[in-house]
file model_21.tsv (TSV, C-alpha atoms)
chain	number	residue	atom	x	y	z
J	19	MET	CA	0.00	0.00	0.00
J	20	SER	CA	1.34	3.37	-0.95
J	21	ARG	CA	1.50	6.19	1.57
J	22	ARG	CA	-0.77	8.40	-0.51
J	23	PRO	CA	-4.07	6.54	0.07
J	24	VAL	CA	-3.39	6.14	3.79
J	25	ALA	CA	-2.16	9.68	4.31
J	26	ARG	CA	-4.88	11.21	2.22
J	27	GLY	CA	-7.61	9.26	3.94
J	28	LEU	CA	-6.30	10.11	7.39
J	29	LEU	CA	-5.89	13.82	6.76
J	30	LEU	CA	-9.26	14.16	5.04
J	31	ALA	CA	-10.86	12.25	7.89
J	32	VAL	CA	-9.37	14.89	10.20
J	33	ALA	CA	-11.05	17.56	8.06
J	34	GLY	CA	-14.35	15.70	8.41
J	35	ALA	CA	-14.91	14.69	4.77
J	36	THR	CA	-18.01	12.61	4.09
J	37	LEU	CA	-18.02	9.37	2.12
J	38	PHE	CA	-21.26	8.36	0.42
J	39	ALA	CA	-22.00	4.64	0.12
J	40	LEU	CA	-24.29	3.24	-2.56
J	41	GLY	CA	-27.70	1.80	-1.88
J	42	TRP	CA	-29.17	-0.56	0.67
J	43	GLY	CA	-29.69	-4.15	-0.43
J	44	GLY	CA	-29.91	-7.68	0.83
J	45	HIS	CA	-27.57	-9.45	-1.57
J	46	ALA	CA	-24.58	-9.51	0.79
J	47	TRP	CA	-26.83	-10.53	3.69
J	48	TRP	CA	-28.20	-13.46	1.67
J	49	SER	CA	-24.91	-14.50	0.10
J	50	ARG	CA	-23.03	-14.99	3.31
J	51	ARG	CA	-25.77	-17.34	4.53
J	52	THR	CA	-25.85	-19.45	1.38
J	53	GLU	CA	-22.11	-19.45	0.62
J	54	PRO	CA	-20.15	-20.87	3.59
J	55	ARG	CA	-16.76	-19.34	4.29
J	56	ALA	CA	-13.68	-21.23	5.33
J	57	GLU	CA	-11.61	-20.58	8.43
J	58	ARG	CA	-9.17	-17.71	7.88
J	59	ARG	CA	-5.72	-17.39	9.41
J	60	VAL	CA	-3.85	-14.08	9.55
J	61	HIS	CA	-0.05	-14.22	9.53
J	62	LEU	CA	2.52	-11.49	10.04
J	63	GLY	CA	4.46	-10.78	6.86
J	64	GLY	CA	7.99	-9.55	6.30
J	65	TYR	CA	9.84	-12.75	7.22
J	66	ARG	CA	11.54	-15.32	5.01
J	67	LEU	CA	11.62	-18.45	7.16
J	68	ILE	CA	8.79	-17.96	9.66
J	69	SER	CA	5.13	-16.98	9.47
J	70	PRO	CA	3.92	-15.78	12.87
J	71	LEU	CA	0.20	-16.42	13.43
J	72	LEU	CA	-1.66	-13.25	14.41
J	73	ASP	CA	-5.28	-14.39	14.44
J	74	VAL	CA	-7.68	-17.16	13.43
J	75	GLU	CA	-11.18	-16.35	12.21
J	76	LEU	CA	-13.76	-19.13	12.30
J	77	PRO	CA	-16.49	-19.36	9.65
J	78	GLU	CA	-19.13	-16.72	10.24
J	79	GLY	CA	-22.15	-17.25	12.43
J	80	ASN	CA	-21.30	-20.46	14.26
J	81	LEU	CA	-20.09	-21.36	17.72
J	82	PRO	CA	-17.30	-23.97	18.05
J	83	ASP	CA	-19.99	-26.73	18.27
J	84	ASN	CA	-21.46	-25.45	14.94
J	85	GLU	CA	-24.52	-23.96	16.63
J	86	PRO	CA	-25.52	-20.51	15.33
J	87	ILE	CA	-24.94	-17.44	17.50
J	88	PRO	CA	-28.38	-17.18	19.09
J	89	PHE	CA	-28.94	-13.40	18.94
J	90	GLU	CA	-27.71	-12.64	15.41
J	91	ALA	CA	-31.28	-12.51	14.11
J	92	LYS	CA	-32.25	-9.96	16.78
J	93	VAL	CA	-29.40	-7.67	15.77
J	94	ALA	CA	-30.29	-8.06	12.09
J	95	SER	CA	-33.91	-7.15	12.90
J	96	PHE	CA	-32.75	-4.07	14.83
J	97	VAL	CA	-30.68	-2.92	11.85
J	98	ASP	CA	-33.56	-3.47	9.41
J	99	GLU	CA	-35.93	-1.47	11.62
J	100	ALA	CA	-33.45	1.40	12.08
J	101	VAL	CA	-33.17	1.76	8.29
J	102	ARG	CA	-36.88	1.25	7.62
J	103	SER	CA	-37.83	3.92	10.16
J	104	GLY	CA	-35.39	6.43	8.68
J	105	LYS	CA	-33.23	6.76	11.79
J	106	VAL	CA	-30.26	5.86	9.57
J	107	ARG	CA	-29.74	5.49	5.85
J	108	GLU	CA	-27.19	2.69	6.14
J	109	MET	CA	-25.86	0.62	9.00
J	110	SER	CA	-23.46	-2.25	9.65
J	111	VAL	CA	-22.70	-4.28	12.78
J	112	TYR	CA	-19.88	-6.69	13.65
J	113	TYR	CA	-19.76	-8.96	16.72
J	114	ARG	CA	-17.03	-11.38	17.78
J	115	ASP	CA	-16.58	-13.50	20.89
J	116	LEU	CA	-12.92	-13.00	21.75
J	117	LEU	CA	-12.51	-16.21	23.75
J	118	ASP	CA	-13.88	-18.80	21.34
J	119	GLY	CA	-13.79	-16.78	18.11
J	120	PRO	CA	-17.34	-17.05	16.64
J	121	TRP	CA	-18.55	-13.90	14.93
J	122	PHE	CA	-21.29	-12.48	12.75
J	123	GLY	CA	-21.72	-9.37	10.67
J	124	ILE	CA	-24.74	-7.46	9.40
J	125	ASN	CA	-23.83	-5.71	6.13
J	126	GLU	CA	-20.26	-6.32	7.26
J	127	ASP	CA	-18.64	-5.71	3.88
J	128	ARG	CA	-20.28	-2.31	3.23
J	129	ARG	CA	-17.63	0.41	3.24
J	130	TYR	CA	-17.57	3.69	5.18
J	131	ASN	CA	-15.28	6.61	5.90
J	132	PRO	CA	-13.43	5.50	9.08
J	133	ALA	CA	-12.76	9.12	10.13
J	134	SER	CA	-11.23	9.33	13.63
J	135	MET	CA	-11.10	5.56	13.98
J	136	MET	CA	-7.92	5.74	11.90
J	137	LYS	CA	-6.23	7.15	14.99
J	138	VAL	CA	-5.93	3.56	16.19
J	139	PRO	CA	-3.28	2.48	13.62
J	140	VAL	CA	-1.37	5.71	14.31
J	141	MET	CA	-1.28	4.77	17.99
J	142	ILE	CA	-0.22	1.20	17.20
J	143	ALA	CA	2.61	2.38	14.95
J	144	TRP	CA	4.04	4.59	17.72
J	145	LEU	CA	3.78	1.80	20.29
J	146	LYS	CA	5.55	-0.55	17.88
J	147	ARG	CA	8.40	1.96	17.68
J	148	ALA	CA	8.37	2.19	21.50
J	149	GLU	CA	8.92	-1.58	21.74
J	150	ARG	CA	12.37	-1.06	20.26
J	151	ASP	CA	13.08	2.17	22.14
J	152	PRO	CA	10.80	3.06	25.08
J	153	GLY	CA	12.44	6.49	25.15
J	154	VAL	CA	10.44	7.58	22.09
J	155	LEU	CA	7.40	8.02	24.34
J	156	ARG	CA	9.29	10.95	25.92
J	157	GLN	CA	10.10	12.52	22.55
J	158	THR	CA	8.51	15.99	22.28
J	159	PHE	CA	6.70	17.81	19.47
J	160	GLU	CA	5.60	21.44	19.25
J	161	PHE	CA	2.13	22.25	17.94
J	162	ASP	CA	2.18	25.16	15.47
J	163	GLU	CA	-1.39	26.20	14.70
J	164	ARG	CA	-0.28	28.18	11.64
J	165	THR	CA	0.70	24.99	9.79
J	166	TYR	CA	-2.20	22.82	10.98
J	167	PRO	CA	-4.40	21.92	7.97
J	168	GLY	CA	-7.38	20.55	9.87
J	169	SER	CA	-10.79	22.05	10.52
J	170	ASP	CA	-12.99	22.20	13.60
J	171	GLN	CA	-14.30	18.86	14.84
J	172	VAL	CA	-18.00	18.09	15.02
J	173	LEU	CA	-17.87	17.16	18.69
J	174	SER	CA	-16.47	19.77	21.05
J	175	ARG	CA	-13.38	18.71	22.99
J	176	GLU	CA	-12.78	19.19	26.69
J	177	ARG	CA	-9.12	19.80	25.96
J	178	THR	CA	-6.98	20.36	22.90
J	179	LEU	CA	-3.38	21.25	22.14
J	180	LEU	CA	-2.33	24.82	22.79
J	181	PRO	CA	-0.52	26.87	20.11
J	182	HIS	CA	3.25	26.50	20.50
J	183	GLY	CA	2.76	23.98	23.31
J	184	ARG	CA	5.29	21.16	23.56
J	185	TYR	CA	4.03	17.65	24.24
J	186	THR	CA	5.61	14.24	24.67
J	187	VAL	CA	4.48	11.36	22.47
J	188	ASP	CA	2.86	9.79	25.53
J	189	GLU	CA	0.87	12.97	26.16
J	190	LEU	CA	-0.12	13.20	22.50
J	191	LEU	CA	-1.35	9.59	22.52
J	192	ARG	CA	-3.56	10.37	25.49
J	193	HIS	CA	-4.91	13.53	23.84
J	194	MET	CA	-5.57	11.62	20.63
J	195	LEU	CA	-7.47	8.80	22.36
J	196	SER	CA	-9.00	10.44	25.44
J	197	TYR	CA	-10.22	13.58	23.59
J	198	SER	CA	-10.04	12.29	20.00
J	199	ASP	CA	-7.86	15.34	19.38
J	200	ASN	CA	-7.15	15.79	15.67
J	201	ARG	CA	-4.25	18.14	16.42
J	202	ALA	CA	-2.48	15.42	18.40
J	203	MET	CA	-3.15	12.90	15.64
J	204	TRP	CA	-1.71	15.30	13.03
J	205	LEU	CA	1.57	15.64	14.97
J	206	LEU	CA	1.85	11.90	15.58
J	207	PHE	CA	0.97	10.98	12.00
J	208	ASN	CA	3.60	13.34	10.58
J	209	GLY	CA	6.17	11.84	12.94
J	210	LEU	CA	5.79	8.37	11.43
J	211	ARG	CA	7.66	6.88	8.50
J	212	THR	CA	5.61	5.52	5.61
J	213	GLU	CA	6.60	1.93	6.26
J	214	GLU	CA	5.64	2.08	9.93
J	215	LEU	CA	2.02	2.94	9.30
J	216	ASN	CA	1.76	0.64	6.30
J	217	ALA	CA	3.12	-2.25	8.40
J	218	VAL	CA	0.29	-1.81	10.89
J	219	VAL	CA	-2.44	-1.85	8.24
J	220	ALA	CA	-0.85	-4.71	6.28
J	221	SER	CA	-0.29	-6.90	9.35
J	222	MET	CA	-3.74	-6.67	10.90
J	223	ASP	CA	-6.01	-8.18	8.24
J	224	VAL	CA	-7.37	-4.71	7.47
J	225	SER	CA	-8.71	-3.90	4.01
J	226	ASN	CA	-8.13	-0.16	3.63
J	227	GLU	CA	-9.09	1.06	0.15
J	228	ARG	CA	-9.60	4.26	-1.82
J	229	SER	CA	-13.14	5.43	-2.57
J	230	GLY	CA	-13.07	8.81	-4.27
J	231	PRO	CA	-10.81	11.18	-2.33
J	232	ASP	CA	-11.04	9.24	0.94
J	233	ASN	CA	-10.05	5.88	2.36
J	234	SER	CA	-12.93	3.51	3.03
J	235	ILE	CA	-13.21	0.50	5.29
J	236	SER	CA	-15.80	-2.08	6.30
J	237	VAL	CA	-16.84	-2.95	9.81
J	238	ARG	CA	-15.41	-6.44	9.33
J	239	GLY	CA	-12.17	-5.07	7.91
J	240	TYR	CA	-11.67	-2.66	10.79
J	241	SER	CA	-12.08	-5.48	13.32
J	242	GLY	CA	-8.53	-6.62	12.56
J	243	PHE	CA	-7.06	-3.82	14.68
J	244	PHE	CA	-8.95	-4.89	17.80
J	245	ARG	CA	-8.58	-8.65	17.25
J	246	VAL	CA	-4.82	-8.43	17.00
J	247	LEU	CA	-4.50	-5.96	19.89
J	248	PHE	CA	-6.48	-8.30	22.15
J	249	ASN	CA	-4.35	-11.28	21.14
J	250	ALA	CA	-1.11	-9.28	21.68
J	251	THR	CA	0.33	-10.77	18.50
J	252	PHE	CA	1.57	-7.63	16.71
J	253	LEU	CA	2.61	-5.52	19.67
J	254	ASP	CA	4.21	-7.26	22.63
J	255	LYS	CA	2.12	-7.88	25.75
J	256	ALA	CA	3.12	-4.68	27.53
J	257	MET	CA	2.41	-2.43	24.54
J	258	SER	CA	-0.83	-4.25	23.67
J	259	GLU	CA	-1.97	-3.65	27.24
J	260	LYS	CA	-1.00	0.02	26.96
J	261	ALA	CA	-2.90	0.35	23.68
J	262	LEU	CA	-6.10	-1.04	25.19
J	263	GLU	CA	-5.63	1.11	28.31
J	264	LEU	CA	-5.47	4.16	26.04
J	265	LEU	CA	-8.61	3.04	24.22
J	266	ALA	CA	-10.34	2.52	27.57
J	267	LEU	CA	-9.96	6.26	28.32
J	268	GLN	CA	-13.32	6.61	26.55
J	269	ASP	CA	-13.69	9.61	24.27
J	270	PHE	CA	-17.37	8.96	23.47
J	271	PRO	CA	-19.57	8.12	26.48
J	272	ARG	CA	-22.85	8.27	24.47
J	273	GLY	CA	-22.18	5.15	22.42
J	274	ILE	CA	-21.11	1.61	23.29
J	275	GLU	CA	-20.18	2.55	26.86
J	276	ALA	CA	-23.67	3.97	27.48
J	277	GLY	CA	-25.20	0.60	26.58
J	278	VAL	CA	-23.42	-1.43	29.26
J	279	PRO	CA	-23.69	-1.29	33.07
J	280	ARG	CA	-21.54	1.24	34.86
J	281	GLY	CA	-18.18	-0.23	35.82
J	282	VAL	CA	-17.91	-2.66	32.88
J	283	PRO	CA	-14.62	-1.83	31.09
J	284	VAL	CA	-14.89	-0.78	27.43
J	285	ALA	CA	-11.87	-0.12	25.19
J	286	ALA	CA	-13.26	1.71	22.17
J	287	LYS	CA	-12.78	4.33	19.46
J	288	PHE	CA	-15.44	6.31	17.62
J	289	GLY	CA	-15.36	8.15	14.32
J	290	GLU	CA	-17.47	10.99	12.90
J	291	THR	CA	-17.67	12.98	9.68
J	292	SER	CA	-18.87	16.53	9.25
J	293	PRO	CA	-22.34	16.87	7.69
J	294	GLY	CA	-22.11	16.85	3.92
J	295	PRO	CA	-24.68	17.75	1.22
J	296	GLY	CA	-28.16	17.27	2.59
J	297	GLY	CA	-26.81	17.04	6.12
J	298	VAL	CA	-25.61	13.47	5.64
J	299	LEU	CA	-23.01	12.39	8.18
J	300	GLN	CA	-21.38	9.22	9.44
J	301	LEU	CA	-21.01	8.13	13.05
J	302	HIS	CA	-19.27	4.89	14.04
J	303	GLU	CA	-17.81	3.16	17.06
J	304	PHE	CA	-15.73	0.03	17.54
J	305	GLY	CA	-14.49	-1.52	20.74
J	306	ILE	CA	-14.01	-4.39	23.16
J	307	VAL	CA	-16.60	-4.86	25.91
J	308	TYR	CA	-15.23	-6.79	28.90
J	309	HIS	CA	-18.47	-8.59	29.75
J	310	PRO	CA	-18.42	-10.78	32.91
J	311	ARG	CA	-19.18	-13.80	30.69
J	312	GLY	CA	-16.21	-13.00	28.47
J	313	PRO	CA	-14.94	-10.11	26.31
J	314	TYR	CA	-16.33	-9.44	22.87
J	315	ILE	CA	-15.75	-7.03	19.99
J	316	LEU	CA	-18.62	-4.83	18.87
J	317	GLY	CA	-18.44	-2.53	15.87
J	318	ILE	CA	-21.24	-0.31	14.56
J	319	MET	CA	-21.10	1.99	11.51
J	320	THR	CA	-23.92	4.32	10.49
J	321	VAL	CA	-24.83	6.85	7.80
J	322	GLY	CA	-27.67	9.26	8.51
J	323	GLN	CA	-28.79	12.84	9.00
J	324	ASP	CA	-29.39	12.96	12.76
J	325	TRP	CA	-26.28	12.78	14.94
J	326	GLY	CA	-28.32	12.29	18.12
J	327	ALA	CA	-30.38	9.46	16.64
J	328	GLN	CA	-27.21	7.76	15.37
J	329	ALA	CA	-25.56	8.05	18.79
J	330	ASP	CA	-28.68	6.50	20.35
J	331	ILE	CA	-28.43	3.62	17.89
J	332	LEU	CA	-24.83	2.91	18.94
J	333	ARG	CA	-26.00	2.83	22.57
J	334	ASP	CA	-29.04	0.66	21.85
J	335	VAL	CA	-27.13	-1.94	19.81
J	336	SER	CA	-24.56	-2.12	22.61
J	337	ALA	CA	-27.30	-2.64	25.21
J	338	LEU	CA	-28.98	-5.32	23.07
J	339	VAL	CA	-25.78	-7.30	22.58
J	340	TYR	CA	-24.80	-6.99	26.24
J	341	ARG	CA	-28.19	-8.34	27.38
J	342	GLU	CA	-28.10	-11.18	24.90
J	343	VAL	CA	-24.58	-12.25	25.84
J	344	ALA	CA	-25.72	-12.34	29.48
J	345	ALA	CA	-28.95	-14.23	28.75
J	346	GLU	CA	-28.07	-16.55	25.89
J	347	GLY	CA	-24.33	-16.33	25.38
J	348	GLN	CA	-21.77	-19.01	25.95
J	349	PRO	CA	-20.68	-19.85	29.51
J	350	THR	CA	-17.80	-17.78	30.80
J	351	ALA	CA	-14.55	-19.08	29.33
J	352	THR	CA	-11.05	-18.78	30.72
J	353	ARG	CA	-7.77	-18.04	29.03
call {"tool": "encode", "arguments": {"input": "model_21.tsv", "output": "structure tokens"}}
result
Amino acid sequence: MSRRPVARGLLLAVAGATLFALGWGGHAWWSRRTEPRAERRVHLGGYRLISPLLDVELPEGNLPDNEPIPFEAKVASFVDEAVRSGKVREMSVYYRDLLDGPWFGINEDRRYNPASMMKVPVMIAWLKRAERDPGVLRQTFEFDERTYPGSDQVLSRERTLLPHGRYTVDELLRHMLSYSDNRAMWLLFNGLRTEELNAVVASMDVSNERSGPDNSISVRGYSGFFRVLFNATFLDKAMSEKALELLALQDFPRGIEAGVPRGVPVAAKFGETSPGPGGVLQLHEFGIVYHPRGPYILGIMTVGQDWGAQADILRDVSALVYREVAAEGQPTATR
């Protein structure tokens, strides 16, 4: 992957560009139920004599005993109703049990503008560099507002970088994840080499493609970042733990976190685009919910015209999945 698509998509996401997807149909939904998929294994590239295993993905929709995931139909019905009622124009959901590996997706291959969710690979690339030299986390950058190309963010931030302020990489990572600060992301992104960021995307089973002027990604494709972080197979254990601790700082309390009981840990990242023609905007969130019965990944991507309604949908899907895992999910597993 060349730097241009990644860089262009990231910087335009910072500016809040809107990606339009095409249509709403049932072909993908039907196809994945009539065309079984084989188990997929994700290996780390770049080696000649070894092939480190990063992740194994079971065929969609089945538990290890080949029973279907019991609440998939309820989530599919929720998505259909949200679109039918006009709360959203388009919507996709991804769920994966992180202990046993079964997963399902609703419109999981539809592509969206990832927006601020692309801050996650920037974070991973810096933590990969810190594996080799922990001192890089103390490296400092100065924020110069005169050269910053970004625009105002849709959501107001409690804190942002000050003009001519100097910040360590560790501080910038916290700003970028805790406040979803685009200024911090801009400094960190520009401090990376092309191959560092490309290595993250290429090694995590992520399909990151061009669609018009922006990058686009599916909810299933984006799941690679969280699957591999949880398994600690790209970053070492200490840096994987740090990455998920940063994601647990919670920059968006109205989404997935709002759908689970207080005190349940959630490591998540959201993304938003500025309203485009006709007021169309995208709002997404992806994260790991540390349910008492076992952790799971939940990803939700939406296109609509009502930011509040879309935020409520993220919350409601999260609450639905949490209840179903508690009521019908697999017994608590151990690692």
call {"tool": "residues_near_point", "arguments": {"input": "model_21.tsv", "point": "(2.9, 3.6, 16.1)", "cutoff": "12 Å", "atoms": "all atoms listed in the file", "output": "MDAnalysis selection string"}}
result
chainID J and resid 136:152 154:155 187:188 190:191 203 206:219 252:253 257:258 261
call {"tool": "atom_distance", "arguments": {"input": "model_21.tsv", "atom1": "CA of Asn200 in chain J", "atom2": "CA of Glu163 in chain J"}}
result
11.9 Å
call {"tool": "residues_around", "arguments": {"input": "model_21.tsv", "residues": "range 299-310 of chain J", "least_positions_apart": "4", "cutoff": "9 Å", "atoms": "only C-alpha atoms", "output": "JSON, numbers by chain"}}
result
{"J": [36, 37, 38, 112, 116, 130, 131, 132, 133, 135, 237, 240, 241, 244, 248, 262, 265, 266, 270, 273, 274, 275, 278, 282, 283, 284, 285, 286, 287, 288, 289, 290, 291, 292, 293, 294, 295, 314, 315, 316, 317, 318, 319, 320, 321, 322, 323, 324, 325, 328, 329, 332, 340, 343, 344, 350]}
call {"tool": "atom_distance", "arguments": {"input": "model_21.tsv", "atom1": "CA of Pro88 in chain J", "atom2": "CA of Pro279 in chain J"}}
result
21.7 Å
call {"tool": "atom_distance", "arguments": {"input": "model_21.tsv", "atom1": "CA of Leu247 in chain J", "atom2": "CA of Leu264 in chain J"}}
result
11.9 Å
